[in-house]
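*Asks:* Next comes the structure file upload.cif, holding mmCIF, N, CA and C atoms.
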data_data
loop_
_atom_site.label_atom_id
_atom_site.label_comp_id
_atom_site.auth_asym_id
_atom_site.auth_seq_id
_atom_site.Cartn_x
_atom_site.Cartn_y
_atom_site.Cartn_z
N GLN H 1 0.83 -1.18 0.00
CA GLN H 1 0.00 0.00 0.00
C GLN H 1 0.88 1.24 0.00
N VAL H 2 0.52 2.18 -0.83
CA VAL H 2 1.22 3.46 -0.89
C VAL H 2 0.19 4.57 -0.68
N GLN H 3 0.47 5.43 0.28
CA GLN H 3 -0.43 6.53 0.59
C GLN H 3 0.21 7.86 0.18
N LEU H 4 -0.61 8.77 -0.30
CA LEU H 4 -0.16 10.10 -0.68
C LEU H 4 -0.82 11.14 0.22
N VAL H 5 -0.03 12.06 0.72
CA VAL H 5 -0.55 13.14 1.57
C VAL H 5 -0.16 14.47 0.95
N GLU H 6 -1.17 15.31 0.70
CA GLU H 6 -0.96 16.61 0.10
C GLU H 6 -0.98 17.71 1.15
N SER H 7 -0.32 18.80 0.82
CA SER H 7 -0.37 19.98 1.68
C SER H 7 -0.08 21.21 0.84
N GLY H 8 -0.44 22.38 1.38
CA GLY H 8 -0.07 23.63 0.73
C GLY H 8 -1.19 24.42 0.10
N GLY H 9 -2.40 23.89 0.09
CA GLY H 9 -3.51 24.65 -0.49
C GLY H 9 -3.90 25.82 0.39
N GLY H 10 -4.81 26.64 -0.12
CA GLY H 10 -5.27 27.77 0.67
C GLY H 10 -6.00 28.80 -0.16
N LEU H 11 -6.24 29.94 0.46
CA LEU H 11 -6.94 31.07 -0.18
C LEU H 11 -5.94 32.19 -0.43
N VAL H 12 -5.83 32.60 -1.69
CA VAL H 12 -4.92 33.69 -2.06
C VAL H 12 -5.64 34.65 -3.01
N GLN H 13 -5.03 35.78 -3.23
CA GLN H 13 -5.55 36.73 -4.19
C GLN H 13 -4.90 36.51 -5.55
N ALA H 14 -5.56 36.97 -6.58
CA ALA H 14 -5.02 36.85 -7.92
C ALA H 14 -3.64 37.49 -7.99
N GLY H 15 -2.72 36.79 -8.68
CA GLY H 15 -1.36 37.28 -8.80
C GLY H 15 -0.40 36.72 -7.77
N GLU H 16 -0.94 36.14 -6.72
CA GLU H 16 -0.10 35.57 -5.67
C GLU H 16 0.33 34.14 -6.01
N SER H 17 1.11 33.55 -5.11
CA SER H 17 1.69 32.23 -5.36
C SER H 17 1.32 31.25 -4.25
N LEU H 18 1.34 29.97 -4.60
CA LEU H 18 1.20 28.87 -3.65
C LEU H 18 2.12 27.74 -4.08
N ARG H 19 2.52 26.93 -3.12
CA ARG H 19 3.31 25.75 -3.42
C ARG H 19 2.65 24.54 -2.79
N LEU H 20 2.29 23.58 -3.62
CA LEU H 20 1.69 22.34 -3.16
C LEU H 20 2.76 21.26 -3.03
N SER H 21 2.58 20.40 -2.04
CA SER H 21 3.47 19.27 -1.84
C SER H 21 2.66 17.98 -1.78
N CYS H 22 3.28 16.89 -2.21
CA CYS H 22 2.63 15.58 -2.15
C CYS H 22 3.70 14.56 -1.79
N ALA H 23 3.54 13.92 -0.64
CA ALA H 23 4.53 12.97 -0.15
C ALA H 23 3.95 11.56 -0.14
N ALA H 24 4.72 10.62 -0.65
CA ALA H 24 4.32 9.21 -0.67
C ALA H 24 4.93 8.49 0.52
N SER H 25 4.14 7.60 1.12
CA SER H 25 4.63 6.79 2.23
C SER H 25 4.11 5.36 2.06
N GLY H 26 4.74 4.46 2.80
CA GLY H 26 4.36 3.05 2.69
C GLY H 26 5.46 2.26 2.02
N ARG H 27 5.09 1.20 1.35
CA ARG H 27 6.07 0.27 0.78
C ARG H 27 6.46 0.69 -0.64
N VAL H 28 7.00 1.91 -0.73
CA VAL H 28 7.40 2.44 -2.03
C VAL H 28 8.74 1.85 -2.45
N PHE H 29 8.79 1.26 -3.63
CA PHE H 29 10.05 0.80 -4.18
C PHE H 29 10.57 1.78 -5.24
N SER H 30 9.71 2.15 -6.14
CA SER H 30 10.08 3.12 -7.17
C SER H 30 8.83 3.86 -7.64
N ILE H 31 9.03 5.10 -8.05
CA ILE H 31 7.93 5.91 -8.57
C ILE H 31 8.29 6.36 -9.98
N ASN H 32 7.40 6.11 -10.91
CA ASN H 32 7.65 6.50 -12.29
C ASN H 32 7.03 7.86 -12.54
N VAL H 33 5.81 7.88 -12.97
CA VAL H 33 5.17 9.15 -13.31
C VAL H 33 4.46 9.74 -12.09
N MET H 34 4.63 11.04 -11.94
CA MET H 34 3.92 11.81 -10.91
C MET H 34 3.11 12.89 -11.62
N GLY H 35 1.95 13.19 -11.09
CA GLY H 35 1.14 14.21 -11.73
C GLY H 35 0.23 14.95 -10.77
N TRP H 36 -0.11 16.17 -11.16
CA TRP H 36 -1.09 16.98 -10.44
C TRP H 36 -2.32 17.15 -11.33
N TYR H 37 -3.48 16.96 -10.73
CA TYR H 37 -4.75 17.14 -11.41
C TYR H 37 -5.57 18.15 -10.62
N ARG H 38 -6.59 18.71 -11.26
CA ARG H 38 -7.49 19.59 -10.52
C ARG H 38 -8.91 19.41 -11.01
N GLN H 39 -9.84 19.68 -10.10
CA GLN H 39 -11.26 19.53 -10.41
C GLN H 39 -12.02 20.70 -9.82
N ALA H 40 -12.60 21.50 -10.70
CA ALA H 40 -13.44 22.61 -10.28
C ALA H 40 -14.87 22.11 -10.12
N PRO H 41 -15.70 22.80 -9.34
CA PRO H 41 -17.09 22.36 -9.14
C PRO H 41 -17.83 22.18 -10.47
N GLY H 42 -18.45 21.04 -10.63
CA GLY H 42 -19.24 20.77 -11.82
C GLY H 42 -18.43 20.42 -13.05
N LYS H 43 -17.12 20.28 -12.89
CA LYS H 43 -16.26 19.97 -14.04
C LYS H 43 -15.51 18.67 -13.81
N GLN H 44 -14.94 18.13 -14.87
CA GLN H 44 -14.18 16.89 -14.75
C GLN H 44 -12.79 17.18 -14.19
N ARG H 45 -12.15 16.12 -13.74
CA ARG H 45 -10.79 16.23 -13.23
C ARG H 45 -9.83 16.26 -14.42
N ASP H 46 -8.99 17.28 -14.46
CA ASP H 46 -8.07 17.47 -15.58
C ASP H 46 -6.63 17.46 -15.12
N LEU H 47 -5.75 17.02 -16.01
CA LEU H 47 -4.32 17.04 -15.73
C LEU H 47 -3.81 18.48 -15.76
N VAL H 48 -3.04 18.84 -14.74
CA VAL H 48 -2.41 20.15 -14.68
C VAL H 48 -0.96 20.06 -15.13
N ALA H 49 -0.23 19.08 -14.57
CA ALA H 49 1.18 18.92 -14.89
C ALA H 49 1.61 17.51 -14.51
N SER H 50 2.62 17.00 -15.21
CA SER H 50 3.17 15.69 -14.88
C SER H 50 4.67 15.71 -15.06
N ILE H 51 5.33 14.76 -14.38
CA ILE H 51 6.77 14.64 -14.46
C ILE H 51 7.14 13.17 -14.42
N THR H 52 8.02 12.76 -15.33
CA THR H 52 8.40 11.35 -15.40
C THR H 52 9.60 11.07 -14.50
N GLY H 53 9.98 9.78 -14.45
CA GLY H 53 11.16 9.42 -13.67
C GLY H 53 12.43 10.08 -14.18
N GLY H 54 12.45 10.40 -15.46
CA GLY H 54 13.60 11.09 -16.04
C GLY H 54 13.48 12.59 -15.99
N SER H 55 12.46 13.07 -15.25
CA SER H 55 12.20 14.49 -15.04
C SER H 55 11.73 15.23 -16.28
N SER H 56 11.17 14.52 -17.22
CA SER H 56 10.50 15.21 -18.34
C SER H 56 9.15 15.71 -17.85
N THR H 57 8.82 16.93 -18.21
CA THR H 57 7.60 17.55 -17.70
C THR H 57 6.60 17.84 -18.82
N ASN H 58 5.34 17.92 -18.40
CA ASN H 58 4.26 18.23 -19.33
C ASN H 58 3.26 19.11 -18.58
N TYR H 59 2.77 20.15 -19.26
CA TYR H 59 1.85 21.09 -18.61
C TYR H 59 0.60 21.32 -19.46
N ALA H 60 -0.51 21.54 -18.79
CA ALA H 60 -1.70 22.00 -19.48
C ALA H 60 -1.43 23.39 -20.04
N ASP H 61 -2.01 23.68 -21.19
CA ASP H 61 -1.76 24.98 -21.83
C ASP H 61 -2.12 26.15 -20.91
N SER H 62 -3.15 25.97 -20.10
CA SER H 62 -3.63 27.06 -19.26
C SER H 62 -2.68 27.45 -18.14
N VAL H 63 -1.69 26.59 -17.84
CA VAL H 63 -0.78 26.89 -16.73
C VAL H 63 0.67 27.05 -17.18
N LYS H 64 0.93 26.86 -18.46
CA LYS H 64 2.30 26.98 -18.96
C LYS H 64 2.84 28.38 -18.68
N GLY H 65 4.07 28.40 -18.16
CA GLY H 65 4.70 29.67 -17.84
C GLY H 65 4.37 30.20 -16.45
N ARG H 66 3.37 29.59 -15.79
CA ARG H 66 2.97 30.04 -14.45
C ARG H 66 3.22 28.97 -13.38
N PHE H 67 3.05 27.71 -13.75
CA PHE H 67 3.22 26.60 -12.81
C PHE H 67 4.50 25.83 -13.14
N SER H 68 5.09 25.24 -12.10
CA SER H 68 6.29 24.43 -12.28
C SER H 68 6.21 23.20 -11.40
N ILE H 69 6.36 22.03 -12.01
CA ILE H 69 6.32 20.77 -11.26
C ILE H 69 7.74 20.28 -11.05
N SER H 70 8.00 19.69 -9.88
CA SER H 70 9.32 19.14 -9.59
C SER H 70 9.15 17.94 -8.65
N ARG H 71 10.22 17.18 -8.50
CA ARG H 71 10.19 16.00 -7.65
C ARG H 71 11.50 15.84 -6.91
N ASP H 72 11.40 15.26 -5.71
CA ASP H 72 12.57 14.91 -4.90
C ASP H 72 12.49 13.41 -4.69
N ASN H 73 13.25 12.66 -5.47
CA ASN H 73 13.15 11.21 -5.42
C ASN H 73 13.60 10.65 -4.07
N ALA H 74 14.54 11.29 -3.44
CA ALA H 74 15.04 10.80 -2.14
C ALA H 74 13.95 10.88 -1.08
N LYS H 75 13.03 11.82 -1.24
CA LYS H 75 11.95 12.01 -0.27
C LYS H 75 10.61 11.48 -0.77
N ASN H 76 10.59 10.90 -1.97
CA ASN H 76 9.33 10.43 -2.57
C ASN H 76 8.28 11.54 -2.54
N THR H 77 8.70 12.72 -2.91
CA THR H 77 7.84 13.90 -2.81
C THR H 77 7.81 14.66 -4.13
N MET H 78 6.66 15.23 -4.40
CA MET H 78 6.45 16.03 -5.60
C MET H 78 5.93 17.40 -5.19
N TYR H 79 6.27 18.40 -5.99
CA TYR H 79 5.86 19.77 -5.69
C TYR H 79 5.18 20.40 -6.91
N LEU H 80 4.33 21.38 -6.65
CA LEU H 80 3.76 22.19 -7.71
C LEU H 80 3.86 23.64 -7.27
N GLN H 81 4.76 24.39 -7.89
CA GLN H 81 4.89 25.82 -7.63
C GLN H 81 3.94 26.55 -8.55
N MET H 82 3.01 27.29 -7.96
CA MET H 82 2.00 27.99 -8.74
C MET H 82 2.17 29.49 -8.54
N ASP H 83 2.57 30.17 -9.60
CA ASP H 83 2.78 31.62 -9.56
C ASP H 83 1.72 32.34 -10.40
N ASN H 84 1.57 33.62 -10.12
CA ASN H 84 0.62 34.44 -10.86
C ASN H 84 -0.75 33.75 -10.97
N LEU H 85 -1.25 33.31 -9.83
CA LEU H 85 -2.51 32.58 -9.81
C LEU H 85 -3.68 33.43 -10.30
N GLU H 86 -4.62 32.76 -10.94
CA GLU H 86 -5.80 33.42 -11.50
C GLU H 86 -7.05 32.80 -10.87
N PRO H 87 -8.16 33.54 -10.83
CA PRO H 87 -9.40 32.96 -10.28
C PRO H 87 -9.79 31.65 -10.97
N GLU H 88 -9.44 31.50 -12.25
CA GLU H 88 -9.76 30.27 -12.98
C GLU H 88 -8.98 29.06 -12.47
N ASP H 89 -7.97 29.29 -11.65
CA ASP H 89 -7.20 28.19 -11.08
C ASP H 89 -7.87 27.61 -9.84
N THR H 90 -8.95 28.20 -9.40
CA THR H 90 -9.67 27.71 -8.23
C THR H 90 -10.21 26.30 -8.48
N ALA H 91 -9.83 25.37 -7.61
CA ALA H 91 -10.23 23.97 -7.76
C ALA H 91 -9.67 23.17 -6.59
N VAL H 92 -10.10 21.91 -6.52
CA VAL H 92 -9.44 20.96 -5.62
C VAL H 92 -8.32 20.30 -6.43
N TYR H 93 -7.12 20.34 -5.87
CA TYR H 93 -5.95 19.78 -6.55
C TYR H 93 -5.62 18.41 -5.95
N TYR H 94 -5.42 17.44 -6.83
CA TYR H 94 -5.11 16.08 -6.43
C TYR H 94 -3.75 15.67 -7.01
N CYS H 95 -2.99 14.94 -6.21
CA CYS H 95 -1.75 14.40 -6.73
C CYS H 95 -1.94 12.91 -7.03
N ASN H 96 -1.15 12.44 -7.97
CA ASN H 96 -1.22 11.04 -8.41
C ASN H 96 0.19 10.54 -8.65
N MET H 97 0.46 9.34 -8.20
CA MET H 97 1.77 8.71 -8.44
C MET H 97 1.57 7.26 -8.83
N GLY H 98 2.42 6.79 -9.73
CA GLY H 98 2.40 5.40 -10.14
C GLY H 98 3.80 4.83 -10.15
N GLY H 99 3.91 3.56 -9.74
CA GLY H 99 5.22 2.94 -9.72
C GLY H 99 5.13 1.52 -9.21
N LEU H 100 6.15 1.11 -8.44
CA LEU H 100 6.20 -0.22 -7.87
C LEU H 100 6.28 -0.13 -6.35
N SER H 101 5.54 -1.00 -5.68
CA SER H 101 5.65 -1.13 -4.23
C SER H 101 6.12 -2.55 -3.92
N SER H 102 6.74 -2.70 -2.78
CA SER H 102 7.24 -4.02 -2.38
C SER H 102 6.17 -4.77 -1.61
N ARG H 103 6.16 -6.07 -1.79
CA ARG H 103 5.22 -6.91 -1.03
C ARG H 103 5.95 -7.52 0.16
N PRO H 104 5.25 -7.65 1.30
CA PRO H 104 5.89 -8.27 2.45
C PRO H 104 6.27 -9.72 2.15
N LEU H 105 7.27 -10.21 2.87
CA LEU H 105 7.71 -11.59 2.66
C LEU H 105 6.59 -12.58 2.91
N TYR H 106 5.71 -12.27 3.91
CA TYR H 106 4.62 -13.20 4.21
C TYR H 106 3.59 -13.24 3.10
N SER H 107 3.69 -12.29 2.18
CA SER H 107 2.81 -12.27 1.00
C SER H 107 3.53 -12.74 -0.25
N GLY H 108 4.73 -13.27 -0.06
CA GLY H 108 5.47 -13.77 -1.21
C GLY H 108 6.59 -12.90 -1.68
N GLY H 109 6.71 -11.69 -1.11
CA GLY H 109 7.79 -10.80 -1.51
C GLY H 109 7.61 -10.29 -2.92
N GLY H 110 8.66 -9.70 -3.46
CA GLY H 110 8.60 -9.15 -4.81
C GLY H 110 7.97 -7.78 -4.86
N TYR H 111 7.49 -7.42 -6.04
CA TYR H 111 6.98 -6.07 -6.24
C TYR H 111 5.65 -6.11 -6.99
N GLN H 112 4.87 -5.06 -6.81
CA GLN H 112 3.60 -4.95 -7.53
C GLN H 112 3.37 -3.50 -7.90
N PRO H 113 2.68 -3.25 -8.99
CA PRO H 113 2.43 -1.87 -9.39
C PRO H 113 1.42 -1.20 -8.46
N PHE H 114 1.55 0.10 -8.33
CA PHE H 114 0.56 0.88 -7.60
C PHE H 114 0.21 2.13 -8.38
N ASP H 115 -0.96 2.65 -8.13
CA ASP H 115 -1.45 3.89 -8.72
C ASP H 115 -2.29 4.57 -7.64
N SER H 116 -1.70 5.55 -6.97
CA SER H 116 -2.33 6.14 -5.80
C SER H 116 -2.68 7.61 -6.00
N TRP H 117 -3.74 8.02 -5.27
CA TRP H 117 -4.19 9.41 -5.32
C TRP H 117 -4.15 10.03 -3.93
N GLY H 118 -3.88 11.32 -3.88
CA GLY H 118 -3.97 12.06 -2.65
C GLY H 118 -5.41 12.39 -2.33
N GLN H 119 -5.63 12.97 -1.14
CA GLN H 119 -6.98 13.25 -0.68
C GLN H 119 -7.54 14.53 -1.26
N GLY H 120 -6.69 15.33 -1.88
CA GLY H 120 -7.12 16.60 -2.47
C GLY H 120 -6.89 17.76 -1.53
N THR H 121 -6.51 18.89 -2.10
CA THR H 121 -6.33 20.11 -1.32
C THR H 121 -6.97 21.28 -2.08
N GLN H 122 -7.71 22.10 -1.35
CA GLN H 122 -8.46 23.19 -1.99
C GLN H 122 -7.54 24.38 -2.26
N VAL H 123 -7.62 24.89 -3.48
CA VAL H 123 -6.95 26.14 -3.84
C VAL H 123 -8.03 27.11 -4.31
N THR H 124 -8.10 28.24 -3.64
CA THR H 124 -9.08 29.26 -3.99
C THR H 124 -8.37 30.57 -4.27
N VAL H 125 -8.64 31.13 -5.45
CA VAL H 125 -8.01 32.38 -5.86
C VAL H 125 -9.10 33.43 -6.03
N SER H 126 -9.00 34.48 -5.25
CA SER H 126 -9.99 35.55 -5.32
C SER H 126 -9.50 36.66 -6.26
N SER H 127 -10.47 37.32 -6.88
CA SER H 127 -10.10 38.39 -7.84
C SER H 127 -9.99 39.74 -7.16
#
Would you encode the structure as structure tokens?
*Replies:*
Amino acid sequence: QVQLVESGGGLVQAGESLRLSCAASGRVFSINVMGWYRQAPGKQRDLVASITGGSSTNYADSVKGRFSISRDNAKNTMYLQMDNLEPEDTAVYYCNMGGLSSRPLYSGGGYQPFDSWGQGTQVTVSS
């Protein structure tokens, strides 16, 4: 089991910045792709940014130039630096990680894939 815990959301004014964090815990062996998603009320959950194990990044067009995703592999942690926030960025932000987790010896040992989500953190940007 791999659990993700997010932090860093809050209420800010337009033009201000926030930094979100997402830390993985549990039987993590390796993490491949990490990503941030967001869901506004009445809308679907959309990808905001992603980063691969080789640190290649991808951003939604709406956040390019304003948001920056990064990862600290030693800490199994991912970050999303959000600058020049706009009211349209208001949403619940979710982190997602996929990779391999280790199985206990009493379960046969070895590794199994995981795909975990954080609990979500609210970001509200006022105009």
*Asks:* Here is a test: counting all atoms listed in the file, which residue of H:Arg103, H:Asn73, H:Trp117, H:Leu85 is nearest to Val12 (chain H)?
*Replies:*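 Going through H:Arg103, H:Asn73, H:Trp117, H:Leu85 one by one, the smallest distance to Val12 (chain H) is for H:Leu85.
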*Asks:* When the PyMOL selection byres ((chain H and resi 50) around 6) is applied to the file above, which residues end up in the set, as a PDB file with N, CA and C atoms, in the frame of the given file?
*Replies:*
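Below you can see out.pdb, which holds the result:
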ATOM      1  N   MET H  34       4.630  11.040 -11.940  1.00  0.00           N
ATOM      2  CA  MET H  34       3.920  11.810 -10.910  1.00  0.00           C
ATOM      3  C   MET H  34       3.110  12.890 -11.620  1.00  0.00           C
ATOM      4  N   GLY H  35       1.950  13.190 -11.090  1.00  0.00           N
ATOM      5  CA  GLY H  35       1.140  14.210 -11.730  1.00  0.00           C
ATOM      6  C   GLY H  35       0.230  14.950 -10.770  1.00  0.00           C
ATOM      7  N   TRP H  36      -0.110  16.170 -11.160  1.00  0.00           N
ATOM      8  CA  TRP H  36      -1.090  16.980 -10.440  1.00  0.00           C
ATOM      9  C   TRP H  36      -2.320  17.150 -11.330  1.00  0.00           C
ATOM     10  N   VAL H  48      -3.040  18.840 -14.740  1.00  0.00           N
ATOM     11  CA  VAL H  48      -2.410  20.150 -14.680  1.00  0.00           C
ATOM     12  C   VAL H  48      -0.960  20.060 -15.130  1.00  0.00           C
ATOM     13  N   ALA H  49      -0.230  19.080 -14.570  1.00  0.00           N
ATOM     14  CA  ALA H  49       1.180  18.920 -14.890  1.00  0.00           C
ATOM     15  C   ALA H  49       1.610  17.510 -14.510  1.00  0.00           C
ATOM     16  N   ILE H  51       5.330  14.760 -14.380  1.00  0.00           N
ATOM     17  CA  ILE H  51       6.770  14.640 -14.460  1.00  0.00           C
ATOM     18  C   ILE H  51       7.140  13.170 -14.420  1.00  0.00           C
ATOM     19  N   THR H  52       8.020  12.760 -15.330  1.00  0.00           N
ATOM     20  CA  THR H  52       8.400  11.350 -15.400  1.00  0.00           C
ATOM     21  C   THR H  52       9.600  11.070 -14.500  1.00  0.00           C
ATOM     22  N   SER H  56      11.170  14.520 -17.220  1.00  0.00           N
ATOM     23  CA  SER H  56      10.500  15.210 -18.340  1.00  0.00           C
ATOM     24  C   SER H  56       9.150  15.710 -17.850  1.00  0.00           C
ATOM     25  N   THR H  57       8.820  16.930 -18.210  1.00  0.00           N
ATOM     26  CA  THR H  57       7.600  17.550 -17.700  1.00  0.00           C
ATOM     27  C   THR H  57       6.600  17.840 -18.820  1.00  0.00           C
ATOM     28  N   ASN H  58       5.340  17.920 -18.400  1.00  0.00           N
ATOM     29  CA  ASN H  58       4.260  18.230 -19.330  1.00  0.00           C
ATOM     30  C   ASN H  58       3.260  19.110 -18.580  1.00  0.00           C
ATOM     31  N   TYR H  59       2.770  20.150 -19.260  1.00  0.00           N
ATOM     32  CA  TYR H  59       1.850  21.090 -18.610  1.00  0.00           C
ATOM     33  C   TYR H  59       0.600  21.320 -19.460  1.00  0.00           C
TER      34      TYR H  59
END
*Asks:* Residues near Tyr111 (chain H), anyone? I mean within 7 Å using all atoms listed in the file, not counting same-chain ones fewer than 4 positions away, as a list in words.
*Replies:* Leu100, Ser101, Ser102 and Arg103 of chain H
*Asks:* Dump N, CA and C atoms for the selected residues as a JSON list (two decimals), in the frame of the given file?
*Replies:*
[["chain", "number", "residue", "atom", "x", "y", "z"],
["H", 100, "LEU", "N", 6.15, 1.11, -8.44],
["H", 100, "LEU", "CA", 6.20, -0.22, -7.87],
["H", 100, "LEU", "C", 6.28, -0.13, -6.35],
["H", 101, "SER", "N", 5.54, -1.00, -5.68],
["H", 101, "SER", "CA", 5.65, -1.13, -4.23],
["H", 101, "SER", "C", 6.12, -2.55, -3.92],
["H", 102, "SER", "N", 6.74, -2.70, -2.78],
["H", 102, "SER", "CA", 7.24, -4.02, -2.38],
["H", 102, "SER", "C", 6.17, -4.77, -1.61],
["H", 103, "ARG", "N", 6.16, -6.07, -1.79],
["H", 103, "ARG", "CA", 5.22, -6.91, -1.03],
["H", 103, "ARG", "C", 5.95, -7.52, 0.16]]
*Asks:* Suppose you want the space between atom N of Glu86 (chain H) and atom C of Gln119 (chain H); what is it in Å?
*Replies:*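 The value is 20.8 Å.
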*Asks:* Box along x, y and z, 5 Å on every side, all listed atoms of region 65-83 of chain H inside: centre and edge lengths in Å to one decimal, as lines of an AutoDock Vina configuration file.
*Replies:*
center_x = 8.4
center_y = 21.4
center_z = -9.2
size_x = 23.3
size_y = 31.9
size_z = 27.9
*Asks:* Give me the residues near Gln39 (chain H) as a ChimeraX atom specification, where near means some atom within 6 Å (using only C-alpha atoms) and where sequence neighbours in that chain fewer than 4 positions away do not count.
*Replies:* /H:44-45,91-92
*Asks:* Which residue out of H:Val2, H:Leu20, H:Leu47, H:Ala60 has the minimum interatomic distance to Pro113 (chain H) when only C-alpha atoms are used?
*Replies:*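 With only C-alpha atoms as the atom set, the closest residue is H:Val2.
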*Asks:* Measuring atom to atom with only N, CA and C atoms, identify which of H:Ala24, H:Leu4, H:Leu18, H:Leu105 is nearest to Lys75 (chain H).
*Replies:* H:Ala24
*Asks:* Using only C-alpha atoms, determine which residues lie at most 8 Å from Arg66 (chain H), disregarding the query and same-chain residues fewer than 4 positions distant; provide the list as a ChimeraX atom specification.
*Replies:* /H:82-85
*Asks:* Would you please give, as number ranges by chain, all residues of chain H that DSSP assigns to strand (DSSP E) based on the backbone?
*Replies:* H: 2-7, 10-13, 18-26, 28-39, 46-51, 57-59, 67-72, 77-82, 91-102, 111-117, 121-126
*Asks:* Applying the PyMOL selection byres ((chain H and resi 122) around 6.5) to the file I just gave you, which residues come out? Please list them as a list in words.
*Replies:* Gly9, Gly10, Leu11, Ala91, Val92, Tyr93, Gly120, Thr121, Val123 and Thr124 of chain H
*Asks:* Could you please determine the separation between CA of Ser25 (chain H) and CA of Ser68 (chain H) in Å, to one decimal place?
*Replies:*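 Distance between the two atoms: 22.9 Å.
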*Asks:* Give me, please, the distance in Å between CA of Ser126 (chain H) and atom C of Glu88 (chain H), quoted to one decimal.
*Replies:*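 Computing it gives 9.7 Å between the two atoms.
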*Asks:* For Ala23 (chain H), which of H:Gln3, H:Thr77, H:Ser116, H:Ser55 is the closest residue, counting only C-alpha atoms?
*Replies:*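 Between H:Gln3, H:Thr77, H:Ser116, H:Ser55, the residue approaching Ala23 (chain H) most closely is H:Thr77.
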*Asks:* So, counting all atoms listed in the file, which residue among H:Gly8, H:Gly118, H:Gly42, H:Gly109 is closest to Met97 (chain H)?
*Replies:*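 Among the listed residues, H:Gly118 lies closest to Met97 (chain H).
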*Asks:* Run through the PyMOL selection byres (((chain H and resi 78 and name CA) around 6) and name CA) on the given coordinates and return the selected residues as a list in words.
*Replies:*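 Applied to this file, the PyMOL selection byres (((chain H and resi 78 and name CA) around 6) and name CA) selects Ser21, Cys22, Ser70, Arg71, Thr77 and Tyr79 of chain H.
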*Asks:* Which residue gives the smallest distance to Phe29 (chain H) among H:Gly99, H:Val125, H:Asp72, H:Thr90, with only N, CA and C atoms counted?
*Replies:*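 When distances to Phe29 (chain H) are compared using only N, CA and C atoms, the smallest one comes from H:Gly99.
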*Asks:* Going by DSSP on the backbone, which residues of region 61-103 of chain H come out as helix (DSSP H, G or I)? List them as a list in words.
*Replies:* Asp61, Ser62, Val63, Asn73, Ala74, Lys75, Pro87, Glu88 and Asp89 of chain H
*Asks:* Output requested as a short mmCIF file (atom, residue, chain, number, x, y, z; two decimals), in the frame of the given file - region 97-108 of chain H, filled out with N, CA, C and O atoms.
*Replies:*
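Contents of part_30.cif, as written:
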data_model
loop_
_atom_site.label_atom_id
_atom_site.label_comp_id
_atom_site.auth_asym_id
_atom_site.auth_seq_id
_atom_site.Cartn_x
_atom_site.Cartn_y
_atom_site.Cartn_z
N MET H 97 0.46 9.34 -8.20
CA MET H 97 1.77 8.71 -8.44
C MET H 97 1.57 7.26 -8.83
O MET H 97 0.68 6.57 -8.31
N GLY H 98 2.42 6.79 -9.73
CA GLY H 98 2.40 5.40 -10.14
C GLY H 98 3.80 4.83 -10.15
O GLY H 98 4.76 5.52 -10.51
N GLY H 99 3.91 3.56 -9.74
CA GLY H 99 5.22 2.94 -9.72
C GLY H 99 5.13 1.52 -9.21
O GLY H 99 4.15 0.82 -9.48
N LEU H 100 6.15 1.11 -8.44
CA LEU H 100 6.20 -0.22 -7.87
C LEU H 100 6.28 -0.13 -6.35
O LEU H 100 7.01 0.69 -5.82
N SER H 101 5.54 -1.00 -5.68
CA SER H 101 5.65 -1.13 -4.23
C SER H 101 6.12 -2.55 -3.92
O SER H 101 5.92 -3.47 -4.70
N SER H 102 6.74 -2.70 -2.78
CA SER H 102 7.24 -4.02 -2.38
C SER H 102 6.17 -4.77 -1.61
O SER H 102 5.38 -4.18 -0.88
N ARG H 103 6.16 -6.07 -1.79
CA ARG H 103 5.22 -6.91 -1.03
C ARG H 103 5.95 -7.52 0.16
O ARG H 103 7.12 -7.87 0.05
N PRO H 104 5.25 -7.65 1.30
CA PRO H 104 5.89 -8.27 2.45
C PRO H 104 6.27 -9.72 2.15
O PRO H 104 5.66 -10.37 1.29
N LEU H 105 7.27 -10.21 2.87
CA LEU H 105 7.71 -11.59 2.66
C LEU H 105 6.59 -12.58 2.91
O LEU H 105 6.48 -13.61 2.23
N TYR H 106 5.71 -12.27 3.91
CA TYR H 106 4.62 -13.20 4.21
C TYR H 106 3.59 -13.24 3.10
O TYR H 106 2.71 -14.11 3.07
N SER H 107 3.69 -12.29 2.18
CA SER H 107 2.81 -12.27 1.00
C SER H 107 3.53 -12.74 -0.25
O SER H 107 3.02 -12.59 -1.36
N GLY H 108 4.73 -13.27 -0.06
CA GLY H 108 5.47 -13.77 -1.21
C GLY H 108 6.59 -12.90 -1.68
O GLY H 108 7.36 -13.29 -2.56
#
